[in-house]
>>> print(open('query_37.cif').read())   # mmCIF, C-alpha atoms
data_target
#
loop_
_atom_site.label_atom_id
_atom_site.label_comp_id
_atom_site.auth_asym_id
_atom_site.auth_seq_id
_atom_site.Cartn_x
_atom_site.Cartn_y
_atom_site.Cartn_z
CA MET A 1177 -2.17 18.72 23.12
CA PRO A 1178 -5.85 18.08 23.88
CA CYS A 1179 -6.82 14.43 24.07
CA ASP A 1180 -9.34 14.38 21.23
CA GLN A 1181 -6.70 15.81 18.93
CA ALA A 1182 -4.21 13.23 20.17
CA GLN A 1183 -6.72 10.46 19.49
CA THR A 1184 -6.63 11.38 15.81
CA GLN A 1185 -2.91 12.12 15.68
CA LEU A 1186 -2.33 8.67 17.09
CA HIS A 1187 -3.20 7.26 13.67
CA GLY A 1188 -0.73 9.48 11.88
CA TYR A 1189 1.83 8.43 14.46
CA LEU A 1190 1.05 4.75 14.02
CA ASP A 1191 1.21 5.09 10.24
CA GLY A 1192 4.47 7.03 10.29
CA GLU A 1193 2.76 9.99 8.67
CA LEU A 1194 3.42 12.68 11.27
CA ASP A 1195 6.18 15.16 10.70
CA ALA A 1196 8.95 15.12 13.29
CA LEU A 1197 7.50 18.04 15.24
CA SER A 1198 3.99 16.59 15.55
CA ALA A 1199 5.41 13.16 16.38
CA ALA A 1200 7.48 14.66 19.17
CA SER A 1201 4.56 16.56 20.62
CA PHE A 1202 2.38 13.46 20.38
CA GLU A 1203 5.02 11.43 22.23
CA LYS A 1204 5.14 14.11 24.88
CA HIS A 1205 1.40 13.86 25.28
CA LEU A 1206 1.67 10.07 25.57
CA GLU A 1207 3.96 10.37 28.54
CA THR A 1208 1.29 12.09 30.58
CA CYS A 1209 -1.83 10.45 29.19
CA PRO A 1210 -2.51 6.80 30.05
CA ASP A 1211 -5.74 6.87 28.02
CA CYS A 1212 -3.97 7.71 24.79
CA LYS A 1213 -1.24 5.24 25.60
CA GLN A 1214 -3.87 2.56 25.98
CA SER A 1215 -5.51 3.62 22.71
CA LEU A 1216 -2.20 3.40 20.92
CA ALA A 1217 -1.73 -0.15 22.20
CA VAL A 1218 -5.23 -1.05 21.01
CA GLU A 1219 -4.61 0.39 17.55
CA GLU A 1220 -1.26 -1.36 17.31
CA ALA A 1221 -2.86 -4.65 18.22
CA LEU A 1222 -5.52 -4.14 15.57
CA HIS A 1223 -2.94 -3.23 12.95
CA GLN A 1224 -0.91 -6.29 13.84
CA SER A 1225 -3.82 -8.66 13.70
CA ILE A 1226 -4.82 -7.33 10.28
CA GLN A 1227 -1.29 -7.86 9.04
CA LYS A 1228 -1.18 -11.37 10.49
CA ALA A 1229 -4.51 -12.32 8.99
CA ASN A 1230 -2.98 -12.02 5.54
CA LEU A 1231 -6.09 -10.57 3.95
CA TYR A 1232 -4.44 -9.46 0.73
CA GLU A 1233 -5.98 -11.23 -2.25
CA ARG A 1234 -3.91 -11.49 -5.38
CA ALA A 1235 -5.32 -11.44 -8.87
CA PRO A 1236 -6.20 -14.93 -10.09
CA GLU A 1237 -3.87 -16.39 -12.70
CA SER A 1238 -6.70 -16.55 -15.24
CA LEU A 1239 -7.11 -12.76 -15.11
CA ARG A 1240 -3.39 -12.15 -15.33
CA LYS A 1241 -3.07 -14.46 -18.28
CA SER A 1242 -5.99 -12.98 -20.14
CA LEU A 1243 -4.42 -9.53 -19.82
CA LEU A 1244 -0.72 -10.27 -20.00
CA GLY A 1245 -0.31 -13.33 -22.14
CA ASN A 1246 -2.41 -12.03 -24.94
CA PRO A 1247 -1.95 -8.33 -25.68
CA GLN A 1248 -4.43 -8.57 -28.54
CA GLN A 1249 -6.98 -8.96 -25.80
CA LEU A 1250 -6.61 -5.29 -24.99
CA PRO A 1251 -8.75 -3.05 -27.15
CA ALA A 1252 -7.16 -0.39 -29.32
CA VAL A 1253 -6.45 2.79 -27.46
CA ARG A 1254 -7.56 6.13 -28.70
CA SER A 1255 -5.43 8.77 -27.20
CA PHE A 1256 -7.06 11.87 -28.67
CA PRO A 1257 -9.82 12.04 -31.24
CA ALA A 1258 -8.88 14.19 -34.20
CA THR A 1259 -11.54 16.87 -34.27
CA ARG A 1260 -12.01 19.50 -36.89
CA PHE A 1261 -11.08 22.87 -35.51
CA SER A 1262 -12.61 26.19 -36.47
CA PRO A 1263 -10.38 29.29 -36.52
CA GLY A 1264 -11.91 30.46 -33.24
CA ARG A 1265 -10.85 27.22 -31.62
CA TRP A 1266 -7.29 27.65 -32.79
CA LEU A 1267 -7.16 30.87 -30.83
CA ALA A 1268 -8.33 29.00 -27.75
CA VAL A 1269 -5.73 26.31 -28.38
CA ALA A 1270 -3.04 28.98 -28.65
CA ALA A 1271 -4.16 30.47 -25.35
CA VAL A 1272 -4.09 27.07 -23.67
CA LEU A 1273 -0.62 26.39 -25.08
CA LEU A 1274 0.61 29.71 -23.78
CA LEU A 1275 -0.80 28.88 -20.37
CA ALA A 1276 0.75 25.41 -20.51
CA VAL A 1277 4.14 26.85 -21.36
CA PHE A 1278 3.80 29.28 -18.48
CA ILE A 1279 2.78 26.53 -16.05
CA GLY A 1280 5.57 24.31 -17.35
CA TRP A 1281 8.02 27.09 -16.76
CA ARG A 1282 6.69 27.56 -13.24
CA GLN A 1283 6.99 23.81 -12.66
CA LEU A 1284 10.65 23.97 -13.59
CA GLN A 1285 11.18 26.37 -10.73
CA LEU A 1286 9.78 23.86 -8.29
CA PRO A 1287 11.75 20.92 -6.99
CA ARG A 1288 11.09 17.82 -9.02
CA GLY A 1289 8.74 15.13 -7.78
CA PRO A 1290 10.12 11.85 -6.48
CA SER A 1291 11.35 9.27 -8.95
CA ASP A 1292 10.04 5.71 -8.99
CA ALA A 1293 13.15 4.53 -7.16
CA GLN A 1294 12.58 7.14 -4.47
CA LEU A 1295 8.95 6.06 -4.11
CA MET A 1296 9.99 2.42 -3.85
CA ALA A 1297 12.65 3.30 -1.31
CA ALA A 1298 10.13 5.36 0.63
CA SER A 1299 7.78 2.39 0.89
CA PHE A 1300 10.63 0.22 2.20
CA VAL A 1301 11.63 2.89 4.68
CA ASP A 1302 7.98 3.02 5.80
CA ALA A 1303 8.03 -0.74 6.25
CA HIS A 1304 11.26 -0.44 8.21
CA LEU A 1305 9.67 2.18 10.47
CA ARG A 1306 6.62 -0.01 11.02
CA SER A 1307 8.86 -2.92 11.93
CA LEU A 1308 10.42 -0.88 14.71
CA GLN A 1309 7.07 -0.50 16.47
CA PRO A 1310 6.90 -2.77 19.50
CA GLY A 1311 6.19 -6.35 18.51
CA HIS A 1312 6.39 -5.76 14.78
CA LEU A 1313 9.97 -6.73 14.08
CA THR A 1314 9.79 -10.45 13.50
CA ASP A 1315 7.18 -13.10 12.78
CA VAL A 1316 9.77 -15.79 13.28
CA GLU A 1317 12.48 -15.03 15.76
CA SER A 1318 15.56 -17.10 15.37
CA THR A 1319 19.26 -16.71 14.78
CA ASP A 1320 19.24 -19.99 12.92
CA GLN A 1321 18.93 -19.62 9.16
CA HIS A 1322 17.62 -23.19 9.02
CA THR A 1323 14.64 -22.10 11.12
CA VAL A 1324 14.00 -18.81 9.36
CA LYS A 1325 14.27 -20.08 5.80
CA PRO A 1326 11.66 -22.87 6.09
CA TRP A 1327 9.32 -20.47 7.89
CA PHE A 1328 8.79 -18.63 4.61
CA ASP A 1329 7.71 -21.85 2.85
CA GLY A 1330 4.06 -21.61 1.94
CA ARG A 1331 3.82 -18.05 3.19
CA ILE A 1332 5.36 -16.51 0.12
CA ASP A 1333 5.77 -17.81 -3.40
CA PHE A 1334 9.54 -17.81 -3.49
CA ALA A 1335 12.39 -18.94 -1.25
CA PRO A 1336 14.34 -15.92 -0.07
CA PRO A 1337 18.07 -16.42 0.47
CA VAL A 1338 18.40 -16.55 4.26
CA ARG A 1339 21.89 -16.49 5.71
CA ASP A 1340 23.23 -15.72 9.12
CA PHE A 1341 26.24 -13.42 9.03
CA ALA A 1342 26.99 -13.42 12.77
CA ASN A 1343 30.67 -14.08 12.15
CA GLU A 1344 30.85 -11.04 9.92
CA GLY A 1345 29.14 -8.81 12.47
CA PHE A 1346 25.59 -9.01 11.11
CA PRO A 1347 23.75 -11.61 13.22
CA LEU A 1348 20.40 -12.76 11.87
CA ILE A 1349 17.55 -11.99 14.27
CA GLY A 1350 14.62 -13.37 12.37
CA GLY A 1351 12.24 -12.81 9.51
CA ARG A 1352 8.72 -11.70 8.74
CA LEU A 1353 6.36 -10.98 5.92
CA ASP A 1354 5.82 -7.36 5.05
CA VAL A 1355 4.03 -5.36 2.44
CA ALA A 1356 5.91 -2.70 0.54
CA GLY A 1357 4.99 -1.01 -2.68
CA GLY A 1358 1.81 -3.06 -2.66
CA ARG A 1359 3.60 -6.39 -2.77
CA THR A 1360 4.21 -8.99 -0.15
CA VAL A 1361 7.91 -9.18 0.50
CA ALA A 1362 10.15 -11.21 2.76
CA ALA A 1363 11.94 -9.18 5.39
CA LEU A 1364 15.14 -10.56 6.87
CA VAL A 1365 16.11 -8.86 10.09
CA TYR A 1366 19.74 -8.39 11.01
CA ALA A 1367 21.40 -6.65 13.91
CA ARG A 1368 24.41 -4.41 13.55
CA ARG A 1369 25.77 -3.45 16.92
CA LYS A 1370 22.69 -1.87 18.56
CA HIS A 1371 20.96 -1.19 15.26
CA ILE A 1372 18.38 -3.06 13.28
CA ILE A 1373 18.69 -3.69 9.56
CA ASN A 1374 15.75 -4.85 7.50
CA VAL A 1375 16.66 -6.56 4.26
CA PHE A 1376 13.57 -6.71 2.07
CA VAL A 1377 13.63 -9.41 -0.57
CA GLU A 1378 11.20 -9.95 -3.40
CA LYS A 1379 11.23 -11.61 -6.75
CA ALA A 1380 12.67 -9.19 -9.29
CA GLN A 1381 9.77 -7.41 -10.97
CA PRO A 1382 9.82 -6.93 -14.72
CA ASP A 1383 9.10 -3.22 -14.33
CA SER A 1384 11.60 -2.29 -11.69
CA HIS A 1385 15.29 -2.91 -12.01
CA TRP A 1386 16.12 -0.31 -9.53
CA ASN A 1387 19.46 -0.09 -7.89
CA GLY A 1388 20.99 2.60 -5.84
CA ALA A 1389 21.29 4.08 -2.44
CA GLY A 1390 19.87 7.04 -0.68
CA GLU A 1391 18.40 8.48 2.44
CA ALA A 1392 14.78 8.99 3.45
CA GLN A 1393 13.41 10.19 6.76
CA GLY A 1394 16.85 9.84 8.28
CA TYR A 1395 17.29 6.21 7.25
CA HIS A 1396 19.70 4.87 4.68
CA TRP A 1397 18.64 2.46 2.00
CA LEU A 1398 20.58 0.38 -0.47
CA ALA A 1399 18.92 -1.52 -3.28
CA TRP A 1400 20.37 -4.10 -5.60
CA GLN A 1401 19.41 -6.98 -7.87
CA GLN A 1402 20.90 -10.42 -7.50
CA ASN A 1403 20.01 -13.94 -8.62
CA GLY A 1404 16.54 -12.92 -9.73
CA PHE A 1405 15.74 -11.15 -6.47
CA SER A 1406 15.38 -7.49 -5.64
CA PHE A 1407 16.97 -6.54 -2.35
CA CYS A 1408 16.51 -3.37 -0.37
CA ALA A 1409 18.35 -2.93 2.91
CA VAL A 1410 17.10 -0.19 5.23
CA SER A 1411 18.61 0.96 8.49
CA ASP A 1412 19.97 3.84 10.48
CA VAL A 1413 23.47 2.38 10.29
CA ALA A 1414 26.08 4.01 8.08
CA PRO A 1415 25.78 3.42 4.31
CA THR A 1416 29.13 1.62 4.44
CA ASP A 1417 27.62 -0.99 6.78
CA LEU A 1418 24.81 -1.60 4.32
CA ALA A 1419 27.33 -1.98 1.50
CA GLN A 1420 29.26 -4.45 3.63
CA LEU A 1421 26.11 -6.48 4.25
CA GLN A 1422 25.30 -6.43 0.53
CA GLN A 1423 28.69 -7.98 -0.22
CA LEU A 1424 27.90 -10.86 2.13
CA PHE A 1425 24.95 -12.11 0.09
CA PRO A 1426 26.62 -14.66 -2.14
CA ALA A 1427 26.25 -14.44 -5.88
CA GLN A 1428 25.18 -17.85 -7.09
CA MET B 677 -7.89 8.95 -35.21
CA ASN B 678 -4.73 8.30 -33.27
CA VAL B 679 -4.36 4.79 -31.97
CA LEU B 680 -1.76 3.96 -29.37
CA GLU B 681 0.79 1.84 -31.15
CA GLY B 682 2.79 -1.10 -29.90
CA GLU B 683 5.19 1.10 -28.03
CA ASP B 684 2.45 2.55 -25.86
CA ARG B 685 0.95 -0.86 -25.42
CA SER B 686 4.17 -2.27 -24.04
CA ARG B 687 4.58 0.85 -21.92
CA PHE B 688 1.13 0.16 -20.50
CA GLU B 689 2.07 -3.44 -19.78
CA ALA B 690 5.27 -2.35 -18.11
CA THR B 691 3.92 0.48 -15.96
CA ILE B 692 0.30 -0.36 -15.20
CA LEU B 693 -0.11 -4.12 -15.29
CA PRO B 694 2.41 -4.77 -12.49
CA HIS B 695 -0.26 -3.27 -10.23
CA LEU B 696 -2.81 -5.89 -11.20
CA ASP B 697 -2.72 -7.51 -7.75
CA ALA B 698 -3.37 -4.13 -6.14
CA ALA B 699 -6.25 -3.52 -8.52
CA PHE B 700 -7.80 -6.92 -7.89
CA ASN B 701 -7.36 -6.73 -4.13
CA LEU B 702 -9.11 -3.36 -3.95
CA ALA B 703 -11.93 -4.56 -6.21
CA ARG B 704 -12.33 -7.76 -4.22
CA TRP B 705 -12.76 -5.85 -0.97
CA LEU B 706 -15.00 -3.16 -2.41
CA LEU B 707 -17.25 -5.71 -4.10
CA ARG B 708 -16.83 -8.38 -1.39
CA ASN B 709 -16.70 -11.08 -4.01
CA ARG B 710 -13.87 -12.55 -6.08
CA THR B 711 -15.89 -13.35 -9.18
CA ASP B 712 -17.29 -9.86 -9.52
CA ALA B 713 -13.88 -8.47 -8.69
CA GLU B 714 -12.34 -10.37 -11.58
CA ASP B 715 -14.85 -8.93 -14.06
CA VAL B 716 -14.65 -5.42 -12.70
CA THR B 717 -10.85 -5.46 -12.53
CA GLN B 718 -10.73 -6.48 -16.16
CA ASP B 719 -13.16 -3.70 -17.02
CA ALA B 720 -11.06 -1.22 -15.05
CA ILE B 721 -7.88 -2.32 -16.83
CA PHE B 722 -9.59 -1.77 -20.17
CA ARG B 723 -10.69 1.68 -19.04
CA ALA B 724 -7.17 2.42 -17.88
CA PHE B 725 -5.88 1.28 -21.25
CA ARG B 726 -8.26 3.57 -23.08
CA ALA B 727 -7.33 6.46 -20.80
CA PHE B 728 -3.61 5.72 -20.96
CA GLY B 729 -3.18 8.69 -23.30
CA THR B 730 -3.87 10.94 -20.31
CA TYR B 731 -1.37 9.18 -18.04
CA ARG B 732 1.94 10.98 -18.11
CA SER B 733 4.11 9.74 -15.30
CA GLY B 734 4.01 9.67 -11.56
CA ASN B 735 2.38 7.16 -9.32
CA ALA B 736 1.06 4.43 -11.62
CA ARG B 737 -0.48 2.44 -8.78
CA ALA B 738 -2.47 5.41 -7.49
CA TRP B 739 -3.54 6.28 -11.03
CA LEU B 740 -4.80 2.74 -11.64
CA LEU B 741 -6.43 2.35 -8.23
CA GLN B 742 -8.38 5.53 -8.76
CA ILE B 743 -9.84 4.04 -11.93
CA VAL B 744 -10.50 0.74 -10.16
CA ARG B 745 -12.41 2.30 -7.28
CA ASN B 746 -14.48 4.46 -9.62
CA THR B 747 -15.29 1.42 -11.75
CA CYS B 748 -16.24 -0.50 -8.61
CA PHE B 749 -18.52 2.21 -7.31
CA THR B 750 -20.21 2.53 -10.68
CA TRP B 751 -20.69 -1.23 -10.74
CA LEU B 752 -22.07 -1.23 -7.21
CA ARG B 753 -24.52 1.54 -8.04
CA GLN B 754 -25.78 -0.46 -10.98
CA ASN B 755 -25.86 -3.86 -9.34
CA ARG B 756 -26.71 -3.51 -5.72
CA MET B 757 -29.92 -2.52 -4.14
CA ALA B 758 -30.35 1.02 -2.94
CA ALA B 759 -30.58 -0.23 0.63
CA GLU B 760 -26.90 -1.06 0.51
CA PHE B 761 -26.14 2.56 -0.02
CA MET B 762 -27.78 4.04 3.00
CA GLU B 763 -25.49 6.70 4.33
CA PHE B 764 -23.65 5.47 7.31
CA ASP B 765 -23.82 7.62 10.39
CA GLU B 766 -20.19 8.43 10.98
CA THR B 767 -20.94 10.09 14.29
CA THR B 768 -21.72 6.73 15.89
CA MET B 769 -19.18 6.39 18.63
CA PRO B 770 -17.21 3.18 18.86
CA GLN B 771 -17.02 1.09 21.98
CA GLU B 772 -14.04 2.06 24.00
CA SER B 773 -13.39 -0.91 26.21
CA GLU B 774 -11.22 -3.33 24.28
CA ASN B 775 -8.19 -4.86 25.81
CA PRO B 776 -5.30 -5.27 23.39
CA GLU B 777 -4.70 -8.94 24.17
CA THR B 778 -8.24 -10.15 23.57
CA LEU B 779 -8.48 -7.98 20.49
CA ALA B 780 -5.25 -9.41 19.12
CA MET B 781 -6.51 -12.93 19.72
CA ALA B 782 -9.91 -12.29 18.23
CA GLY B 783 -8.43 -10.40 15.31
CA SER B 784 -5.99 -13.14 14.47
CA ASP B 785 -8.93 -15.05 13.14
CA ARG B 786 -8.88 -14.34 9.43
CA GLU B 787 -12.54 -15.13 8.94
CA GLN B 788 -13.62 -12.91 11.75
CA LEU B 789 -11.62 -9.99 10.39
CA THR B 790 -12.94 -10.58 6.92
CA ARG B 791 -16.50 -10.57 8.19
CA ALA B 792 -15.89 -7.45 10.27
CA LEU B 793 -14.35 -5.65 7.32
CA GLU B 794 -17.14 -6.68 5.03
CA THR B 795 -19.82 -5.27 7.29
CA LEU B 796 -18.20 -1.83 7.19
CA PRO B 797 -19.57 0.89 4.93
CA ASP B 798 -17.76 1.05 1.60
CA SER B 799 -15.80 4.20 2.30
CA PHE B 800 -14.44 2.81 5.58
CA ARG B 801 -13.57 -0.52 4.03
CA GLU B 802 -11.89 1.24 1.15
CA ILE B 803 -9.61 3.39 3.26
CA LEU B 804 -8.66 0.45 5.50
CA VAL B 805 -7.81 -1.75 2.53
CA LEU B 806 -5.72 1.01 0.97
CA ARG B 807 -3.83 1.65 4.18
CA GLU B 808 -3.58 -1.71 5.90
CA LEU B 809 -3.42 -4.11 2.97
CA GLU B 810 -2.06 -1.98 0.18
CA GLY B 811 0.24 0.10 2.40
CA CYS B 812 -0.67 3.36 0.68
CA SER B 813 0.62 6.61 2.09
CA TYR B 814 -1.90 9.25 3.15
CA LYS B 815 -0.96 11.18 0.02
CA GLU B 816 -1.77 8.22 -2.20
CA ILE B 817 -5.03 7.59 -0.35
CA ALA B 818 -6.01 11.22 -0.91
CA GLU B 819 -5.22 10.88 -4.59
CA ILE B 820 -7.04 7.59 -5.09
CA THR B 821 -10.18 8.51 -3.17
CA SER B 822 -10.23 12.14 -4.34
CA ARG B 823 -10.38 13.53 -0.86
CA PRO B 824 -8.29 16.30 0.70
CA ILE B 825 -5.14 14.91 2.28
CA GLY B 826 -6.00 16.66 5.55
CA THR B 827 -9.03 14.42 6.00
CA VAL B 828 -7.27 11.07 5.52
CA MET B 829 -6.04 10.71 9.09
CA SER B 830 -9.41 11.41 10.70
CA ALA B 831 -11.19 9.18 8.19
CA LEU B 832 -8.78 6.36 9.07
CA ALA B 833 -9.39 6.98 12.76
CA ARG B 834 -13.14 6.60 12.22
CA ALA B 835 -12.71 3.56 10.01
CA ARG B 836 -10.50 1.77 12.52
CA ALA B 837 -12.85 2.61 15.37
CA GLN B 838 -15.70 1.18 13.33
CA LEU B 839 -13.71 -1.95 12.54
CA ARG B 840 -12.98 -2.51 16.23
CA ASN B 841 -16.61 -1.97 16.94
CA SER B 842 -17.58 -4.46 14.29
CA LEU B 843 -15.04 -6.98 15.60
CA SER B 844 -16.48 -6.75 19.08
CA GLN B 845 -19.97 -7.70 17.91
CA PRO B 846 -19.49 -10.65 15.60
CA ALA B 847 -22.14 -12.58 13.70
CA SER B 848 -24.98 -10.15 14.46
CA LYS B 849 -24.57 -8.57 11.06
CA GLU B 850 -24.51 -11.84 9.23
CA ALA B 851 -27.78 -10.97 7.56
CA ARG B 852 -26.40 -7.84 5.97
CA ARG B 853 -23.66 -9.84 4.41
CA ALA B 854 -25.91 -12.09 2.46
CA VAL B 855 -26.52 -9.91 -0.55
#
>>> encode(input="query_37.cif", output="C-alpha cells")
Amino acid sequence: MPCDQAQTQLHGYLDGELDALSAASFEKHLETCPDCKQSLAVEEALHQSIQKANLYERAPESLRKSLLGNPQQLPAVRSFPATRFSPGRWLAVAAVLLLAVFIGWRQLQLPRGPSDAQLMAASFVDAHLRSLQPGHLTDVESTDQHTVKPWFDGRIDFAPPVRDFANEGFPLIGGRLDVAGGRTVAALVYARRKHIINVFVEKAQPDSHWNGAGEAQGYHWLAWQQNGFSFCAVSDVAPTDLAQLQQLFPAQ
Amino acid sequence: MNVLEGEDRSRFEATILPHLDAAFNLARWLLRNRTDAEDVTQDAIFRAFRAFGTYRSGNARAWLLQIVRNTCFTWLRQNRMAAEFMEFDETTMPQESENPETLAMAGSDREQLTRALETLPDSFREILVLRELEGCSYKEIAEITSRPIGTVMSALARARAQLRNSLSQPASKEARRAV
C-alpha cells in the first residue's frame, strides 16, 4: 500500500470503519512503515484528548421543557396538502403508484435494513472496539468498586451500579465514560479470562426498551433493562459468559 | 388539509425528540454559540415536526441532524458576514511534526480544543463534531452532510489534520473568533 493511501486509510482504521481486508492490509503496511505508525499514534492521541475534553454540550433544560413538557408548543403538522387533481394528473399518479409498487417489490428482494436494536448494538460494538485501542480502555483503573463508583460522580448524571465480580470469575478492571448512540454512557470494564467485557450502562431512555442478544463484527452483545438502567454488554467471549455476567447484576 | 393527529405527535416525541441533545450539540458547534444554538435547534425541531409526514423509519438521529445542519447553514448565511464564508483552501498542508505526548497534554485543555475547533472552517468542524462527539458512523455522516460515503474518510483526514494544525498555533486566530 502506498503511504499517501495509508495516511487516509489510517482514519478508517482508527474509526473502525475499514472492512477486514483493508484493515489487515493497513496493519501489514504499519509493520514496515514507521511514519504511518507515528501518524497513527498522533491521531490516537488527538482522538483521546478530544474525548477527554468532554466537549459534548447537551440541550439546556429550558429548551427541552419548552418542547417536551408542552406539546401544544409544537405547531400543527401538515403532512400532505390536499390538492385538486385534474384527470391528467391522476394518470401521473397511477404511473407513480405503479413504479412505487415495482420498487417496493424490488425492495422485498433485498435484505432488510438494520432494526433500531441492531443500530444501537452496532454503536455499542463500535464503542467496544474503540476501547480496545491502546490506552482507551479505562479512565479510572481500579479493581475496587469503591474507587470506580465515586469516579463517575459529577461526570455523569446518574450513579451506575458498579460491582466487582472477581469471585465469580469477572474481575472489575475499571470504568470510563463513552459515547454510544449519541449519548454519554458509563462503561464498566470487566475481564473474563484473557478477554475484555465492556458493560455499557445508561439511564433507560423512554424511546428504547431494547433487549436481546446478537452478534456484530464478530463480537457478541447482550442488552437488558434493570432498575431503570439500560445495560449492554459487549465482548468476544461466548454469549453464555455474557448471560452469566448479566445474572450477577443484582435486581434491587 | 390533513393535520397530523395526536398519534403522530406522540410518535414524533418518541422517535425524534430523544435526539434533542444531538441536535443542540451540532447546532452549538456549527454556530459557536449556545444562545443561537437554542433558537436554531428549536426552529429545526419545528421544521422536523412539519416534515415528519415524510419521515418513514430508519435512522431518526441522522434524519434530524440533517435538518439541523441545513437550518444552521441557512441561519449562518443570513446572519453572518460574507467574510466568514470565504472558501477554505483545503490543499493547505498541515504541520507534520507533532509528538503524541505534547499533543495529548495540550489537547487535554478543554478551552484550547474548543478554540481550535472553533477556528476551523464550518465543514471541517461539522464532520469532526459528528464523528468525535456524536460518534456517527461514516454512513451516517454521509447521510447527514449529503456527501458521498466514499469521501467521508478523506474529509475526516483533512479535518483532523487541520485541527492539529490549529492546536499547534493557539491564540493567533483569536481575532477571527470574535464575531
>>> resolve_selection(input="query_37.cif", expression="the PyMOL selection byres ((chain B and resi 829) around 9)", output="list of chain:residue names")
A:Thr1184, A:Gln1185, A:His1187, A:Gly1188, A:Glu1193, B:Tyr814, B:Ile825, B:Gly826, B:Thr827, B:Val828, B:Ser830, B:Ala831, B:Leu832, B:Ala833, B:Arg834
>>> residues_around(input="query_37.cif", residues="A:Thr1360", least_positions_apart="4", cutoff="8 Å", atoms="all atoms listed in the file", output="PDB file with C-alpha atoms, in the frame of the given file")
ATOM      1  CA  ILE A1332       5.360 -16.510   0.120  1.00  0.00           C
ATOM      2  CA  LEU A1353       6.360 -10.980   5.920  1.00  0.00           C
ATOM      3  CA  ASP A1354       5.820  -7.360   5.050  1.00  0.00           C
ATOM      4  CA  VAL A1355       4.030  -5.360   2.440  1.00  0.00           C
ATOM      5  CA  ALA A1356       5.910  -2.700   0.540  1.00  0.00           C
ATOM      6  CA  GLU A1378      11.200  -9.950  -3.400  1.00  0.00           C
TER       7      GLU A1378
END
>>> residues_around(input="query_37.cif", residues="A:Cys1408", least_positions_apart="5", cutoff="8 Å", atoms="only C-alpha atoms", output="ChimeraX atom specification")
/A:1297,1300,1375-1377,1397-1400
>>> closest_residue(input="query_37.cif", among="B:Asp712, B:Glu794, B:Glu787, B:Glu802", to="chain A", atoms="only C-alpha atoms")
B:Glu787
>>> closest_residue(input="query_37.cif", among="A:Val1410, A:Ile1349, A:Val1361, A:Leu1313", to="A:Asp1333", atoms="only C-alpha atoms")
A:Val1361
>>> closest_residue(input="query_37.cif", among="A:Leu1267, A:Leu1308, A:Ala1235, A:Ile1373", to="chain B", atoms="only C-alpha atoms")
A:Ala1235
>>> resolve_selection(input="query_37.cif", expression="the PyMOL selection byres ((chain A and resi 1310) around 12)", output="PyMOL selection string")
chain A and resi 1190+1216-1217+1220-1221+1223-1224+1305-1309+1311-1314
>>> write_last_selection(input="query_37.cif", atoms="C-alpha atoms", output="mmCIF file, in the coordinates of the input")
data_model
loop_
_atom_site.group_PDB
_atom_site.id
_atom_site.type_symbol
_atom_site.label_atom_id
_atom_site.label_comp_id
_atom_site.auth_asym_id
_atom_site.auth_seq_id
_atom_site.Cartn_x
_atom_site.Cartn_y
_atom_site.Cartn_z
ATOM 1 C CA LEU A 1190 1.050 4.750 14.020
ATOM 2 C CA LEU A 1216 -2.200 3.400 20.920
ATOM 3 C CA ALA A 1217 -1.730 -0.150 22.200
ATOM 4 C CA GLU A 1220 -1.260 -1.360 17.310
ATOM 5 C CA ALA A 1221 -2.860 -4.650 18.220
ATOM 6 C CA HIS A 1223 -2.940 -3.230 12.950
ATOM 7 C CA GLN A 1224 -0.910 -6.290 13.840
ATOM 8 C CA LEU A 1305 9.670 2.180 10.470
ATOM 9 C CA ARG A 1306 6.620 -0.010 11.020
ATOM 10 C CA SER A 1307 8.860 -2.920 11.930
ATOM 11 C CA LEU A 1308 10.420 -0.880 14.710
ATOM 12 C CA GLN A 1309 7.070 -0.500 16.470
ATOM 13 C CA GLY A 1311 6.190 -6.350 18.510
ATOM 14 C CA HIS A 1312 6.390 -5.760 14.780
ATOM 15 C CA LEU A 1313 9.970 -6.730 14.080
ATOM 16 C CA THR A 1314 9.790 -10.450 13.500
#
>>> residues_around(input="query_37.cif", residues="B:Arg836", least_positions_apart="6", cutoff="9 Å", atoms="all atoms listed in the file", output="list in words")
Glu1219 and Leu1222 of chain A; Phe800 and Leu804 of chain B
>>> closest_residue(input="query_37.cif", among="A:Leu1186, A:Pro1382, A:Thr1323, A:Ile1226", to="B:His695", atoms="only C-alpha atoms")
A:Pro1382
>>> resolve_selection(input="query_37.cif", expression="the PyMOL selection byres ((chain B and resi 689) around 10)", output="short mmCIF file (atom, residue, chain, number, x, y, z; two decimals) with C-alpha atoms, keeping the file's coordinate frame")
data_model
loop_
_atom_site.label_atom_id
_atom_site.label_comp_id
_atom_site.auth_asym_id
_atom_site.auth_seq_id
_atom_site.Cartn_x
_atom_site.Cartn_y
_atom_site.Cartn_z
CA LEU A 1243 -4.42 -9.53 -19.82
CA LEU A 1244 -0.72 -10.27 -20.00
CA PRO A 1247 -1.95 -8.33 -25.68
CA PRO A 1382 9.82 -6.93 -14.72
CA ASP A 1383 9.10 -3.22 -14.33
CA GLU B 683 5.19 1.10 -28.03
CA ASP B 684 2.45 2.55 -25.86
CA ARG B 685 0.95 -0.86 -25.42
CA SER B 686 4.17 -2.27 -24.04
CA ARG B 687 4.58 0.85 -21.92
CA PHE B 688 1.13 0.16 -20.50
CA ALA B 690 5.27 -2.35 -18.11
CA THR B 691 3.92 0.48 -15.96
CA ILE B 692 0.30 -0.36 -15.20
CA LEU B 693 -0.11 -4.12 -15.29
CA PRO B 694 2.41 -4.77 -12.49
CA HIS B 695 -0.26 -3.27 -10.23
CA PHE B 725 -5.88 1.28 -21.25
#
>>> closest_residue(input="query_37.cif", among="A:Ala1380, A:Leu1348, A:Ala1268, A:Leu1275", to="chain B", atoms="all atoms listed in the file")
A:Ala1380
>>> atom_distance(input="query_37.cif", atom1="atom CA of A:Cys1212", atom2="atom CA of A:Gln1227")
22.3 Å
>>> closest_residue(input="query_37.cif", among="B:Leu696, B:Ala738, B:Leu843, B:Ala703", to="B:Arg786", atoms="all atoms listed in the file")
B:Leu843
>>> atom_distance(input="query_37.cif", atom1="atom CA of A:Leu1239", atom2="atom CA of B:Thr790")
22.9 Å
>>> residues_around(input="query_37.cif", residues="B:Arg704", least_positions_apart="2", cutoff="10 Å", atoms="all atoms listed in the file", output="ChimeraX atom specification")
/A:1232-1235 /B:698-702,706-714,716-717,748
>>> atom_distance(input="query_37.cif", atom1="atom CA of B:Ser733", atom2="atom CA of B:Asp697")
20.0 Å
